[in-house]
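Dumped structure-v2.pdb below, it's PDB, C-alpha atoms and all ligand atoms:
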```pdb
ATOM      1  CA  MET A   1      10.490  -3.486  -6.125
ATOM      2  CA  SER A   2      13.581  -1.475  -5.505
ATOM      3  CA  ALA A   3      13.893   1.566  -7.763
ATOM      4  CA  ALA A   4      17.600   2.043  -7.078
ATOM      5  CA  GLY A   5      19.319   3.503 -10.132
ATOM      6  CA  GLY A   6      16.054   4.922 -11.499
ATOM      7  CA  VAL A   7      12.375   4.004 -11.195
ATOM      8  CA  TYR A   8      12.461   2.300 -14.596
ATOM      9  CA  ARG A   9      14.880  -0.314 -13.212
ATOM     10  CA  ALA A  10      12.057  -1.744 -11.108
ATOM     11  CA  PHE A  11      10.539  -3.330 -14.232
ATOM     12  CA  GLU A  12      13.499  -5.616 -14.922
ATOM     13  CA  ARG A  13      13.674  -6.576 -11.239
ATOM     14  CA  GLY A  14       9.954  -7.299 -11.289
ATOM     15  CA  GLN A  15      10.277  -9.467 -14.362
ATOM     16  CA  LYS A  16      13.135 -11.428 -12.807
ATOM     17  CA  SER A  17      10.906 -12.228  -9.842
ATOM     18  CA  GLY A  18       7.972 -13.138 -12.104
ATOM     19  CA  CYS A  19       5.719 -10.191 -11.222
ATOM     20  CA  ASP A  20       2.630  -9.193 -13.230
ATOM     21  CA  SER A  21       2.426  -5.887 -11.365
ATOM     22  CA  ILE A  22       4.911  -3.961  -9.210
ATOM     23  CA  LEU A  23       4.915  -1.565  -6.279
ATOM     24  CA  VAL A  24       7.675   1.054  -6.341
ATOM     25  CA  PHE A  25       8.979   4.129  -4.605
ATOM     26  CA  THR A  26       9.671   7.014  -6.980
ATOM     27  CA  LYS A  27      12.085   8.582  -4.462
ATOM     28  CA  SER A  28      13.926   7.497  -1.351
ATOM     29  CA  ASN A  29      11.280   6.367   1.106
ATOM     30  CA  ARG A  30      13.201   7.569   4.159
ATOM     31  CA  GLN A  31      14.225  11.015   2.937
ATOM     32  CA  TRP A  32      12.169  14.134   2.566
ATOM     33  CA  LYS A  33      13.991  15.498  -0.418
ATOM     34  CA  ALA A  34      13.777  14.204  -3.954
ATOM     35  CA  LYS A  35      15.540  15.311  -7.084
ATOM     36  CA  PRO A  36      12.839  16.336  -9.559
ATOM     37  CA  LEU A  37      12.244  13.788 -12.305
ATOM     38  CA  THR A  38      13.990  14.863 -15.496
ATOM     39  CA  ASP A  39      12.645  14.372 -19.006
ATOM     40  CA  GLU A  40      15.214  11.568 -19.349
ATOM     41  CA  ASP A  41      13.940   9.848 -16.185
ATOM     42  CA  ILE A  42      10.397  10.005 -17.499
ATOM     43  CA  ALA A  43      11.383   8.801 -20.974
ATOM     44  CA  ALA A  44      13.340   5.865 -19.492
ATOM     45  CA  TYR A  45      10.331   4.935 -17.391
ATOM     46  CA  LYS A  46       7.884   5.103 -20.310
ATOM     47  CA  GLN A  47      10.244   3.014 -22.414
ATOM     48  CA  ALA A  48      10.501   0.337 -19.731
ATOM     49  CA  GLU A  49       6.747   0.396 -19.325
ATOM     50  CA  THR A  50       6.301  -0.520 -22.985
ATOM     51  CA  ASP A  51       9.171  -3.030 -22.945
ATOM     52  CA  PHE A  52       7.851  -5.067 -20.021
ATOM     53  CA  ASP A  53       4.485  -6.745 -19.654
ATOM     54  CA  ILE A  54       4.018  -5.525 -16.099
ATOM     55  CA  HIS A  55       0.975  -3.478 -15.184
ATOM     56  CA  PRO A  56      -0.450  -1.724 -13.402
ATOM     57  CA  VAL A  57       2.310  -0.091 -11.375
ATOM     58  CA  ALA A  58       1.582   1.377  -7.955
ATOM     59  CA  VAL A  59       3.663   3.792  -5.901
ATOM     60  CA  HIS A  60       4.177   3.659  -2.164
ATOM     61  CA  ALA A  61       4.587   7.123  -0.657
ATOM     62  CA  SER A  62       7.444   7.921   1.722
ATOM     63  CA  TYR A  63       7.149   6.560   5.259
ATOM     64  CA  LEU A  64       8.058  10.001   6.639
ATOM     65  CA  ILE A  65       4.800  11.607   5.597
ATOM     66  CA  ASN A  66       2.430  12.135   8.508
ATOM     67  CA  ALA A  67      -0.670  13.992   7.402
ATOM     68  CA  ALA A  68      -2.160  13.509  10.896
ATOM     69  CA  SER A  69       0.646  15.373  12.653
ATOM     70  CA  PRO A  70      -0.499  17.866  15.302
ATOM     71  CA  ASN A  71       2.709  19.843  14.682
ATOM     72  CA  GLU A  72       1.961  22.546  12.108
ATOM     73  CA  ALA A  73       5.441  22.602  10.594
ATOM     74  CA  LEU A  74       5.590  18.817  10.279
ATOM     75  CA  TRP A  75       2.092  18.716   8.872
ATOM     76  CA  GLU A  76       3.007  21.251   6.183
ATOM     77  CA  LYS A  77       6.222  19.373   5.405
ATOM     78  CA  SER A  78       4.216  16.164   5.141
ATOM     79  CA  TYR A  79       1.642  17.830   2.966
ATOM     80  CA  GLN A  80       4.254  19.182   0.550
ATOM     81  CA  ALA A  81       5.925  15.760   0.383
ATOM     82  CA  LEU A  82       2.585  14.099  -0.301
ATOM     83  CA  LYS A  83       1.877  16.573  -3.081
ATOM     84  CA  VAL A  84       5.277  15.822  -4.645
ATOM     85  CA  GLU A  85       4.504  12.087  -4.499
ATOM     86  CA  VAL A  86       1.191  12.619  -6.304
ATOM     87  CA  GLU A  87       2.834  14.820  -8.925
ATOM     88  CA  ARG A  88       5.643  12.317  -9.537
ATOM     89  CA  ALA A  89       3.124   9.505  -9.999
ATOM     90  CA  GLY A  90       1.293  11.784 -12.426
ATOM     91  CA  GLN A  91       4.474  12.528 -14.386
ATOM     92  CA  LEU A  92       5.147   8.804 -14.758
ATOM     93  CA  GLY A  93       1.534   7.951 -15.555
ATOM     94  CA  ILE A  94       1.217   5.662 -12.520
ATOM     95  CA  PRO A  95      -2.433   5.195 -11.531
ATOM     96  CA  PHE A  96      -2.151   4.377  -7.813
ATOM     97  CA  LEU A  97      -0.334   6.071  -4.942
ATOM     98  CA  THR A  98      -0.613   4.304  -1.602
ATOM     99  CA  VAL A  99      -0.189   6.359   1.573
ATOM    100  CA  HIS A 100      -0.346   5.512   5.238
ATOM    101  CA  PRO A 101      -3.108   7.754   6.614
ATOM    102  CA  GLY A 102      -0.966   9.034   9.508
ATOM    103  CA  SER A 103      -0.322   8.986  13.246
ATOM    104  CA  TYR A 104      -1.976  11.368  15.686
ATOM    105  CA  VAL A 105       1.079  11.276  18.010
ATOM    106  CA  LYS A 106       0.205  13.399  21.058
ATOM    107  CA  SER A 107      -3.201  14.580  19.900
ATOM    108  CA  ASP A 108      -6.170  12.230  19.584
ATOM    109  CA  GLU A 109      -7.886  10.168  16.902
ATOM    110  CA  ALA A 110     -10.489  12.753  15.974
ATOM    111  CA  SER A 111      -7.903  15.553  15.610
ATOM    112  CA  GLY A 112      -5.630  13.284  13.602
ATOM    113  CA  LEU A 113      -8.425  12.284  11.243
ATOM    114  CA  ALA A 114      -9.363  15.947  10.744
ATOM    115  CA  LYS A 115      -5.755  16.752   9.828
ATOM    116  CA  ILE A 116      -5.677  13.955   7.261
ATOM    117  CA  VAL A 117      -8.956  15.143   5.752
ATOM    118  CA  ALA A 118      -7.467  18.628   5.363
ATOM    119  CA  ALA A 119      -4.377  17.262   3.610
ATOM    120  CA  LEU A 120      -6.377  15.044   1.266
ATOM    121  CA  LYS A 121      -8.811  17.795   0.324
ATOM    122  CA  ARG A 122      -5.978  20.174  -0.418
ATOM    123  CA  VAL A 123      -3.929  17.686  -2.410
ATOM    124  CA  LEU A 124      -6.920  16.724  -4.546
ATOM    125  CA  VAL A 125      -7.394  20.370  -5.468
ATOM    126  CA  GLU A 126      -3.721  21.228  -5.942
ATOM    127  CA  THR A 127      -3.002  18.201  -8.153
ATOM    128  CA  ALA A 128      -6.281  18.240 -10.072
ATOM    129  CA  VAL A 129      -4.467  19.486 -13.176
ATOM    130  CA  SER A 130      -0.986  17.960 -12.707
ATOM    131  CA  ALA A 131      -2.105  14.433 -11.744
ATOM    132  CA  PRO A 132      -5.815  13.972 -12.524
ATOM    133  CA  ASN A 133      -5.406  10.233 -13.136
ATOM    134  CA  VAL A 134      -3.627   9.366  -9.894
ATOM    135  CA  THR A 135      -5.813   7.698  -7.272
ATOM    136  CA  LEU A 136      -4.660   8.172  -3.684
ATOM    137  CA  CYS A 137      -5.107   4.892  -1.863
ATOM    138  CA  LEU A 138      -5.282   5.071   1.915
ATOM    139  CA  GLU A 139      -3.750   1.966   3.373
ATOM    140  CA  THR A 140      -5.502  -0.120   6.012
ATOM    141  CA  MET A 141      -3.257  -0.003   9.080
ATOM    142  CA  ALA A 142      -2.428  -2.369  11.932
ATOM    143  CA  GLY A 143      -3.127   0.112  14.724
ATOM    144  CA  GLN A 144       0.455   0.134  15.964
ATOM    145  CA  GLY A 145       1.328   3.172  18.088
ATOM    146  CA  THR A 146      -0.961   6.057  17.201
ATOM    147  CA  ASN A 147      -1.530   4.987  13.579
ATOM    148  CA  LEU A 148      -4.921   5.817  12.180
ATOM    149  CA  GLY A 149      -6.705   3.752   9.549
ATOM    150  CA  TYR A 150      -6.853   0.505  11.535
ATOM    151  CA  LYS A 151     -10.622   0.720  11.787
ATOM    152  CA  PHE A 152     -12.732   0.530   8.654
ATOM    153  CA  GLU A 153     -14.656   3.482  10.141
ATOM    154  CA  HIS A 154     -11.523   5.665   9.920
ATOM    155  CA  LEU A 155     -11.178   4.965   6.208
ATOM    156  CA  ALA A 156     -14.877   5.588   5.630
ATOM    157  CA  GLN A 157     -14.657   8.928   7.409
ATOM    158  CA  LEU A 158     -11.562  10.021   5.469
ATOM    159  CA  LEU A 159     -13.007   9.034   2.100
ATOM    160  CA  THR A 160     -16.314  10.727   2.826
ATOM    161  CA  GLU A 161     -15.044  13.929   4.407
ATOM    162  CA  ALA A 162     -12.165  14.485   1.977
ATOM    163  CA  GLY A 163     -14.334  13.531  -0.983
ATOM    164  CA  PRO A 164     -16.310  11.956  -2.247
ATOM    165  CA  SER A 165     -13.812  11.668  -5.084
ATOM    166  CA  ASP A 166     -13.001   8.937  -7.557
ATOM    167  CA  ARG A 167      -9.354   9.889  -6.926
ATOM    168  CA  LEU A 168      -9.596   8.409  -3.416
ATOM    169  CA  GLY A 169      -9.429   4.682  -2.723
ATOM    170  CA  VAL A 170      -8.059   2.068  -0.367
ATOM    171  CA  THR A 171      -5.079  -0.279  -0.340
ATOM    172  CA  PHE A 172      -6.082  -3.370   1.602
ATOM    173  CA  ASP A 173      -3.081  -4.813   3.467
ATOM    174  CA  THR A 174      -3.820  -8.346   4.706
ATOM    175  CA  CYS A 175      -1.252  -8.234   7.521
ATOM    176  CA  HIS A 176      -2.472  -4.881   8.794
ATOM    177  CA  VAL A 177      -6.167  -5.749   8.649
ATOM    178  CA  PHE A 178      -5.513  -9.016  10.486
ATOM    179  CA  ALA A 179      -3.301  -7.307  13.075
ATOM    180  CA  ALA A 180      -6.061  -4.735  13.584
ATOM    181  CA  GLY A 181      -8.412  -7.546  14.587
ATOM    182  CA  TYR A 182     -10.332  -8.465  11.430
ATOM    183  CA  ASP A 183     -10.156 -12.200  10.801
ATOM    184  CA  ILE A 184      -9.661 -13.448   7.236
ATOM    185  CA  ARG A 185      -8.351 -16.976   7.853
ATOM    186  CA  SER A 186     -11.378 -19.138   7.068
ATOM    187  CA  PRO A 187     -13.912 -18.705   4.257
ATOM    188  CA  GLU A 188     -16.498 -17.708   6.887
ATOM    189  CA  THR A 189     -14.386 -15.097   8.720
ATOM    190  CA  TYR A 190     -13.120 -13.759   5.397
ATOM    191  CA  ALA A 191     -16.677 -13.333   4.119
ATOM    192  CA  ALA A 192     -17.722 -11.595   7.352
ATOM    193  CA  THR A 193     -14.761  -9.191   7.236
ATOM    194  CA  MET A 194     -15.342  -8.318   3.588
ATOM    195  CA  ASP A 195     -19.059  -7.802   4.266
ATOM    196  CA  GLU A 196     -18.147  -5.476   7.114
ATOM    197  CA  PHE A 197     -15.741  -3.556   4.887
ATOM    198  CA  ASP A 198     -18.438  -3.306   2.230
ATOM    199  CA  ARG A 199     -21.020  -2.030   4.678
ATOM    200  CA  ILE A 200     -18.702   0.589   6.214
ATOM    201  CA  VAL A 201     -16.396   1.658   3.365
ATOM    202  CA  GLY A 202     -17.573  -0.032   0.164
ATOM    203  CA  LEU A 203     -15.693  -2.788  -1.648
ATOM    204  CA  ASP A 204     -15.532  -0.618  -4.770
ATOM    205  CA  LYS A 205     -13.073   1.602  -2.886
ATOM    206  CA  ILE A 206     -10.429  -1.147  -2.809
ATOM    207  CA  LYS A 207      -7.957  -0.452  -5.613
ATOM    208  CA  THR A 208      -4.900  -2.496  -4.648
ATOM    209  CA  PHE A 209      -3.874  -5.166  -2.142
ATOM    210  CA  HIS A 210      -0.741  -5.740  -0.122
ATOM    211  CA  PHE A 211      -0.391  -9.471   0.447
ATOM    212  CA  ASN A 212       1.684 -10.003   3.587
ATOM    213  CA  ASP A 213       1.378 -12.714   6.182
ATOM    214  CA  SER A 214       1.616 -11.631   9.839
ATOM    215  CA  LYS A 215       4.256 -12.461  12.431
ATOM    216  CA  PHE A 216       1.748 -11.686  15.171
ATOM    217  CA  ASP A 217      -1.651 -13.135  15.941
ATOM    218  CA  LEU A 218      -5.063 -11.650  15.296
ATOM    219  CA  GLY A 219      -5.702  -8.261  16.898
ATOM    220  CA  GLN A 220      -2.181  -7.792  18.306
ATOM    221  CA  LYS A 221      -1.882  -4.428  16.499
ATOM    222  CA  LYS A 222       1.678  -5.295  15.504
ATOM    223  CA  ASP A 223       2.820  -4.498  11.995
ATOM    224  CA  ARG A 224       5.333  -7.249  11.247
ATOM    225  CA  HIS A 225       5.167  -8.913   7.849
ATOM    226  CA  ALA A 226       5.831 -12.635   7.424
ATOM    227  CA  HIS A 227       6.368 -14.716   4.291
ATOM    228  CA  ILE A 228       3.163 -16.091   2.763
ATOM    229  CA  GLY A 229       2.022 -19.153   4.695
ATOM    230  CA  GLU A 230       4.630 -18.687   7.432
ATOM    231  CA  GLY A 231       2.613 -16.346   9.623
ATOM    232  CA  PHE A 232      -0.615 -16.351  11.583
ATOM    233  CA  ILE A 233      -2.817 -15.722   8.540
ATOM    234  CA  GLY A 234      -1.685 -18.850   6.730
ATOM    235  CA  ARG A 235      -2.284 -20.085   3.234
ATOM    236  CA  GLU A 236      -6.033 -20.493   3.482
ATOM    237  CA  GLY A 237      -6.417 -16.810   4.278
ATOM    238  CA  PHE A 238      -4.703 -15.859   1.025
ATOM    239  CA  ALA A 239      -6.683 -18.484  -0.900
ATOM    240  CA  ASN A 240      -9.834 -16.620   0.173
ATOM    241  CA  PHE A 241      -8.670 -13.465  -1.612
ATOM    242  CA  LEU A 242      -7.129 -15.217  -4.601
ATOM    243  CA  ASN A 243     -10.277 -17.183  -5.397
ATOM    244  CA  ASP A 244     -12.662 -14.293  -4.897
ATOM    245  CA  PRO A 245     -13.746 -13.281  -8.428
ATOM    246  CA  ARG A 246     -14.290  -9.697  -7.218
ATOM    247  CA  TRP A 247     -10.492  -9.237  -7.097
ATOM    248  CA  ALA A 248      -9.603 -10.930 -10.378
ATOM    249  CA  ASP A 249      -8.417  -7.656 -11.918
ATOM    250  CA  HIS A 250      -6.954  -6.015  -8.814
ATOM    251  CA  PRO A 251      -3.185  -5.716  -8.390
ATOM    252  CA  ALA A 252      -1.681  -7.267  -5.261
ATOM    253  CA  HIS A 253       1.843  -6.584  -4.041
ATOM    254  CA  LEU A 254       4.202  -8.307  -1.650
ATOM    255  CA  GLU A 255       5.918  -6.326   1.096
ATOM    256  CA  THR A 256       7.577  -9.340   2.632
ATOM    257  CA  PRO A 257      11.315  -9.579   3.329
ATOM    258  CA  LYS A 258      13.236  -9.946   0.063
ATOM    259  CA  THR A 259      15.512 -12.761   1.118
ATOM    260  CA  LYS A 260      15.753 -15.570   3.617
ATOM    261  CA  GLU A 261      18.709 -17.645   4.647
ATOM    262  CA  ASP A 262      18.605 -21.317   3.753
ATOM    263  CA  GLU A 263      19.745 -23.987   6.275
ATOM    264  CA  ASP A 264      23.119 -24.101   4.528
ATOM    265  CA  GLY A 265      23.472 -20.317   4.767
ATOM    266  CA  SER A 266      22.688 -19.480   1.151
ATOM    267  CA  GLU A 267      20.250 -16.707   0.353
ATOM    268  CA  ILE A 268      16.828 -17.509  -1.105
ATOM    269  CA  GLU A 269      15.046 -14.912  -3.270
ATOM    270  CA  MET A 270      11.772 -14.819  -1.397
ATOM    271  CA  ASP A 271       9.654 -12.812  -3.868
ATOM    272  CA  VAL A 272       9.901 -15.796  -6.209
ATOM    273  CA  VAL A 273       8.932 -18.218  -3.434
ATOM    274  CA  ASN A 274       6.073 -16.072  -2.095
ATOM    275  CA  LEU A 275       4.668 -15.531  -5.592
ATOM    276  CA  ALA A 276       4.803 -19.268  -6.293
ATOM    277  CA  THR A 277       3.010 -19.961  -3.010
ATOM    278  CA  LEU A 278       0.283 -17.444  -3.839
ATOM    279  CA  ARG A 279      -0.174 -18.756  -7.383
ATOM    280  CA  SER A 280      -0.426 -22.336  -6.105
ATOM    281  CA  LEU A 281      -3.452 -21.291  -4.046
ATOM    282  CA  ILE A 282      -5.520 -20.253  -7.079
ATOM    283  CA  LYS A 283      -8.121 -22.950  -7.697
TER     284      LYS A 283
HETATM  285 ZN    ZN B 301       1.314  -2.467   3.110
END
```
Structure re-expressed in structure tokens:
Amino acid sequence: MSAAGGVYRAFERGQKSGCDSILVFTKSNRQWKAKPLTDEDIAAYKQAETDFDIHPVAVHASYLINAASPNEALWEKSYQALKVEVERAGQLGIPFLTVHPGSYVKSDEASGLAKIVAALKRVLVETAVSAPNVTLCLETMAGQGTNLGYKFEHLAQLLTEAGPSDRLGVTFDTCHVFAAGYDIRSPETYAATMDEFDRIVGLDKIKTFHFNDSKFDLGQKKDRHAHIGEGFIGREGFANFLNDPRWADHPAHLETPKTKEDEDGSEIEMDVVNLATLRSLIK
């Protein structure tokens, strides 16, 4: 949900779309700088949190952060921005902060993973007092460009080497996992993929889901989100997750385009449509 005008405004937008849980940014997602949260900002947020029956809330960290950067200055900048994200989530009492692990750019996978481990270790220490209840969720990635986190092994390595810590978890993005080459479309392929995740990472590490269909086919390593049922994953893939009792209490968030143009040119609010599609799949 957009947090324009203040993070607390995301609750009313979420309610309008019929959300039980929302995913927000607590600052501009394409800018490094953020005005510190004031006492008024925090009070407005806490008030909205009690006024609306929407929980839990999760934060998505800025897209600029690259904890795998081989460039020292950029790595430090990324680290400081990540720390601010964790602290802001802590100030607002938000339990989950989802971050993209990072891109190794001109280095290599092993160096990139080592950089991410260093950032995670440091942020866990430096926010142990300011944000002890914030879990950092590493997002499963599509493997586009030099993105890390597209193999379950990457996530396992990061969680193990930076931890073990109960403040580290995973956000499972359906589009990304599918784009990375893990099939989830049929009950059988879904079961095999989840078994593989369990064996390598551990299903208990999954804290939140991003439910996005994929504009590209299995294993294309392209991160392009489609509306639910309109992509290559299809409805049955989402039904597998929605009817799996292991996820009954896990929040899932849409990151699909907000609107779509109707044949007559009018705009359709797609969060409402995508949520209705997902809910219709629950048996
Ligand atoms: Zn996502």
Using the chain letters and numbers from the file, give me the residues hit by the PyMOL selection byres (((chain A and resi 44) around 12) and not hetatm), as number ranges by chain.
A: 5-11, 37-43, 45-51, 92
Test item: residues at most 12 Å from range 201-205 of chain A, all atoms listed in the file, excluding those fewer than 5 positions along its chain, as an NGL selection string:
:A and (135-140 or 149 or 151-160 or 164-172 or 193-196 or 246-247 or 250)
Just want the 10 Å neighbourhood of Arg122 in chain A, counted on only C-alpha atoms, with same-chain residues fewer than 6 positions away dropped. Output as a ChimeraX atom specification.
/A:79,83,116,128,162
Can you give me, as an NGL selection string, the residues this file yields under the PyMOL selection byres (((not hetatm)) within 7 of (chain B and resi 301))?
:A and (139 or 173 or 210 or 255)
I'd like the contact shell of Ser21 in chain A - 9 Å cut-off, all atoms listed in the file, skipping same-chain residues fewer than 5 positions apart - returned as a PyMOL selection string.
chain A and resi 11+14+53-58+251-253
For the file shown, report as an mmCIF file with C-alpha atoms, in the frame of the given file the outcome of the PyMOL selection byres (((chain A and resi 233) around 10) and not hetatm) at residue level.
```cif
data_model
loop_
_atom_site.group_PDB
_atom_site.id
_atom_site.type_symbol
_atom_site.label_atom_id
_atom_site.label_comp_id
_atom_site.auth_asym_id
_atom_site.auth_seq_id
_atom_site.Cartn_x
_atom_site.Cartn_y
_atom_site.Cartn_z
ATOM 1 C CA THR A 174 -3.820 -8.346 4.706
ATOM 2 C CA CYS A 175 -1.252 -8.234 7.521
ATOM 3 C CA PHE A 178 -5.513 -9.016 10.486
ATOM 4 C CA ALA A 179 -3.301 -7.307 13.075
ATOM 5 C CA ASP A 183 -10.156 -12.200 10.801
ATOM 6 C CA ILE A 184 -9.661 -13.448 7.236
ATOM 7 C CA ARG A 185 -8.351 -16.976 7.853
ATOM 8 C CA SER A 186 -11.378 -19.138 7.068
ATOM 9 C CA ASN A 212 1.684 -10.003 3.587
ATOM 10 C CA ASP A 213 1.378 -12.714 6.182
ATOM 11 C CA SER A 214 1.616 -11.631 9.839
ATOM 12 C CA LYS A 215 4.256 -12.461 12.431
ATOM 13 C CA PHE A 216 1.748 -11.686 15.171
ATOM 14 C CA ASP A 217 -1.651 -13.135 15.941
ATOM 15 C CA LEU A 218 -5.063 -11.650 15.296
ATOM 16 C CA ALA A 226 5.831 -12.635 7.424
ATOM 17 C CA ILE A 228 3.163 -16.091 2.763
ATOM 18 C CA GLY A 229 2.022 -19.153 4.695
ATOM 19 C CA GLU A 230 4.630 -18.687 7.432
ATOM 20 C CA GLY A 231 2.613 -16.346 9.623
ATOM 21 C CA PHE A 232 -0.615 -16.351 11.583
ATOM 22 C CA GLY A 234 -1.685 -18.850 6.730
ATOM 23 C CA ARG A 235 -2.284 -20.085 3.234
ATOM 24 C CA GLU A 236 -6.033 -20.493 3.482
ATOM 25 C CA GLY A 237 -6.417 -16.810 4.278
ATOM 26 C CA PHE A 238 -4.703 -15.859 1.025
#
```
